[in-house]
Amino acid sequence: MLGKQLFARKSLETLLAEMAGENRLRRILGPISLTSLGVGAIIGAGIFVTTGETAATKAGPSVMLSYVVAGLGCTFAALCYAEFASMVPVAGSAYTYAYATLGELFAWIIGWDLVLEYAMSCGVVAADWTKYFNEFLQVFIHRKIPDWLANDPGTLHDLTKGQSWLGINLPAVIIMALVTVVLVIGIRESATMNALLVITKVGVVIFVIAVGWSYVNPAYWTSIPPQERKLIIVSEWLEGHPTIAAMIPKAQRRHLGDGKEFLEHQARFAVVVSPSEKKELEGLKGERLADWLENHPQIALLDPETARAQVGKGQELFEVDRPIADFLSQDQQDLVGGLKSDTSKWGMMSLLGVNAPLESLDNRTRSPFMPYGMSGILVAAAAVFFAYIGFDSISTHSEEAKLPRRDVPIGILASLAICTVLYLGVSAVITGIQPYPEIDQDAAVASAFRILSEKNDSLPLRISAGVIAVGALAGMTSVLLITLLSQARIFLAMARDGLLPARIFGAVHPTFRTPHVSTMLTGGILCVITAVTPISVLFEMVNIGTLLAFIVVCAAVLLLRIRRPEADRPFRCPAVFVLAPLGVAVNLLMMLFLSLDSWIRLFGWLAIGLFIYFFYGRRHSALGQQLALDAKGQ
């Protein structure tokens, strides 16, 4: 019985019948409103923040190609979403699709996974909202919110170099609370507010492209040597310091960990000195040698093999095993301490052992346009993928569409196409008006215009920076609005199936016709999470959770074509037996470039979800109860 329930599927007829109940949501959204919802959910922190961070540290100017790769993976998934949404225009998105094709257990896993995409992304966007609010204040009043009121404890700890943990991201909490109140009032009011915010931010994005293009310097795309890139992993730092590298066996170089571990690594060093200098060195004992070497610039630090070959008459060899930090200046230690391990760059690729040939490819493809090599494009694609999250939120509103079979596919594909064009334009401008290593990683777009205004002593440019900051705030507010709105719809679908408490997640307000209890509960929890959780952790969880959902949707639409070829499909994914597998492959590839920590958090999150399912969801499942009744009646 248990096995039968775990893999039991809801029929398409059952899903369609659910739309006729009294608890159904109001149908008021047309194609323009749905496209606006999609654009509102997509354009936000991704274009205003992620573009700068990935260009500076992961891809350089080739971040433009990263957007193409991420957009390609989203396009495959979007076509599959559009087919599903036209067939089954009910709330639930990928959760509902999985229930119809893969069974209850997989549906729960995807529903729980979607919390990462929707709820956790609210935390990321709210934290980025604070960054642009600070940029707004800096442009207009030359002040910003104190660090302890604008950062979670972990981030504040890093900013103050370990001096304080007493931090809270207060602006993020306030904006989350305001968005929650608006959503409780109703979808019509939310859609109207979102439309205004979308018009504002799209106008600002077009403004950035139009005005910024006249300041683009093509040399920033093609003339900055790859050596000026921000070195983010230990092995890349070693490439520029062959003496240190020669003292570490090649077999060990891929297992040195991050920069802090590298500084503690014991290695054998050697110098060729006079007898008196050797006595000085021996007398240093446990003290750092960097100061002594700086005071003796004529003496070169060598690897032991090279040093032995250079010992001449009247000279002696001094060899010592010391931590690498002992031979570096304080500035070098500060730099190296912030480096990441190779595993952090290659993600699961490193664990699977397939990064060696990719490293060789990197070396061959590294250029001013691609300073981080081919892997930089893919690593950045896995990051900028965050910028595309949102188009699938349209499918969660299928039940509120006037003509879902026509309007939902239009909304999904139109919003994705519009945003892809805008992303390419902004990424070209940002990398063209500033050298990519100098791009501000917190508020790239507004900061670039502010710096440009200071450089040219231009008041119009400074005003432009302020306008961009306002547009970014509007953009991220609309993302919060639509993303939290979508999360409540996912919970509503799961509550209808009995997998979550209906009194909480399935309650619909008698007047507003919105899932008010679920919205308030989710918004309250997110206020707490946003206040105290490091943004980097949330960011990685959002990306890996969404990629997994996209993979399931691409696989599910293919399975349904095989199992139910006769089903009515108002919109059909073209060449589904080619595009759906490609969607699985491209999105899986981006998942493999995410860090091992992200995978561990994903499995931990899913384990928590399975615990809830087996101790609550399975016992209260409407489908499970029906199966039990059917078994008794036989």
# chains A, B, ... in the order shown; residues from 1 in each chain; ligands from 1

call {"tool": "residues_around", "arguments": {"residues": "range 96-112 of chain A", "least_positions_apart": "2", "cutoff": "7 Å", "atoms": "only C-alpha atoms", "output": "PyMOL selection string"}}
result
chain A and resi 5-12+84+92-94+114-115+490+549+556+559-560+606+609

call {"tool": "residues_around", "arguments": {"residues": "His265 in chain A", "least_positions_apart": "3", "cutoff": "7 Å", "atoms": "only C-alpha atoms", "output": "VMD selection string"}}
result
chain A and resid 261 to 262 323 to 324

call {"tool": "residues_around", "arguments": {"residues": "Phe133 in chain A", "least_positions_apart": "3", "cutoff": "9 Å", "atoms": "only C-alpha atoms", "output": "VMD selection string"}}
result
chain A and resid 128 to 130 136 to 138 144 to 145 171 469 to 470 472 to 473

call {"tool": "select_by_dssp", "arguments": {"residues": "range 246-462 of chain A", "states": "strand (DSSP E)", "output": "list in words"}}
result
Gln266, Ala267, Arg268, Phe269, Ala270, Val271, Val272, Val273, Glu316, Leu317, Phe318, Glu319, Val320, Asp321, Arg322 and Pro323 of chain A

call {"tool": "closest_residue", "arguments": {"among": "A:Ser621, A:Thr533, A:Gln332, A:Gln626", "to": "Ala126 in chain A", "atoms": "only C-alpha atoms"}}
result
A:Thr533

call {"tool": "residues_around", "arguments": {"residues": "Lys58 in chain A", "least_positions_apart": "2", "cutoff": "8 Å", "atoms": "only C-alpha atoms", "output": "PyMOL selection string"}}
result
chain A and resi 53-56+60+63+372+376-377+379-380

call {"tool": "write_last_selection", "arguments": {"atoms": "C-alpha atoms", "output": "PDB file, in the first residue's frame"}}
result
ATOM      1  CA  GLU A  53      29.487  40.212  -9.276  1.00  0.00           C
ATOM      2  CA  THR A  54      29.841  37.538 -11.963  1.00  0.00           C
ATOM      3  CA  ALA A  55      31.590  39.853 -14.423  1.00  0.00           C
ATOM      4  CA  ALA A  56      34.124  40.908 -11.796  1.00  0.00           C
ATOM      5  CA  GLY A  60      34.779  39.126 -17.180  1.00  0.00           C
ATOM      6  CA  VAL A  63      29.454  37.217 -18.855  1.00  0.00           C
ATOM      7  CA  TYR A 372      38.569  33.118 -16.702  1.00  0.00           C
ATOM      8  CA  GLY A 376      34.389  30.981 -16.278  1.00  0.00           C
ATOM      9  CA  ILE A 377      31.472  31.193 -18.698  1.00  0.00           C
ATOM     10  CA  VAL A 379      30.572  28.973 -13.613  1.00  0.00           C
ATOM     11  CA  ALA A 380      29.071  32.400 -14.256  1.00  0.00           C
TER      12      ALA A 380
END

call {"tool": "atom_distance", "arguments": {"atom1": "CA of Leu492 in chain A", "atom2": "CA of Pro570 in chain A"}}
result
25.3 Å

call {"tool": "closest_residue", "arguments": {"among": "A:Pro510, A:Pro501, A:Pro581, A:Gly604", "to": "Arg619 in chain A", "atoms": "only C-alpha atoms"}}
result
A:Pro501

call {"tool": "atom_distance", "arguments": {"atom1": "CA of Gly471 in chain A", "atom2": "CA of Val124 in chain A"}}
result
17.7 Å

call {"tool": "select_by_dssp", "arguments": {"residues": "range 253-440 of chain A", "states": "alpha helix (DSSP H)", "output": "PyMOL selection string"}}
result
chain A and resi 253+259-264+275-282+290-294+304-310+330-337+342-346+348-352+355-365+373-384+393-396+404-433
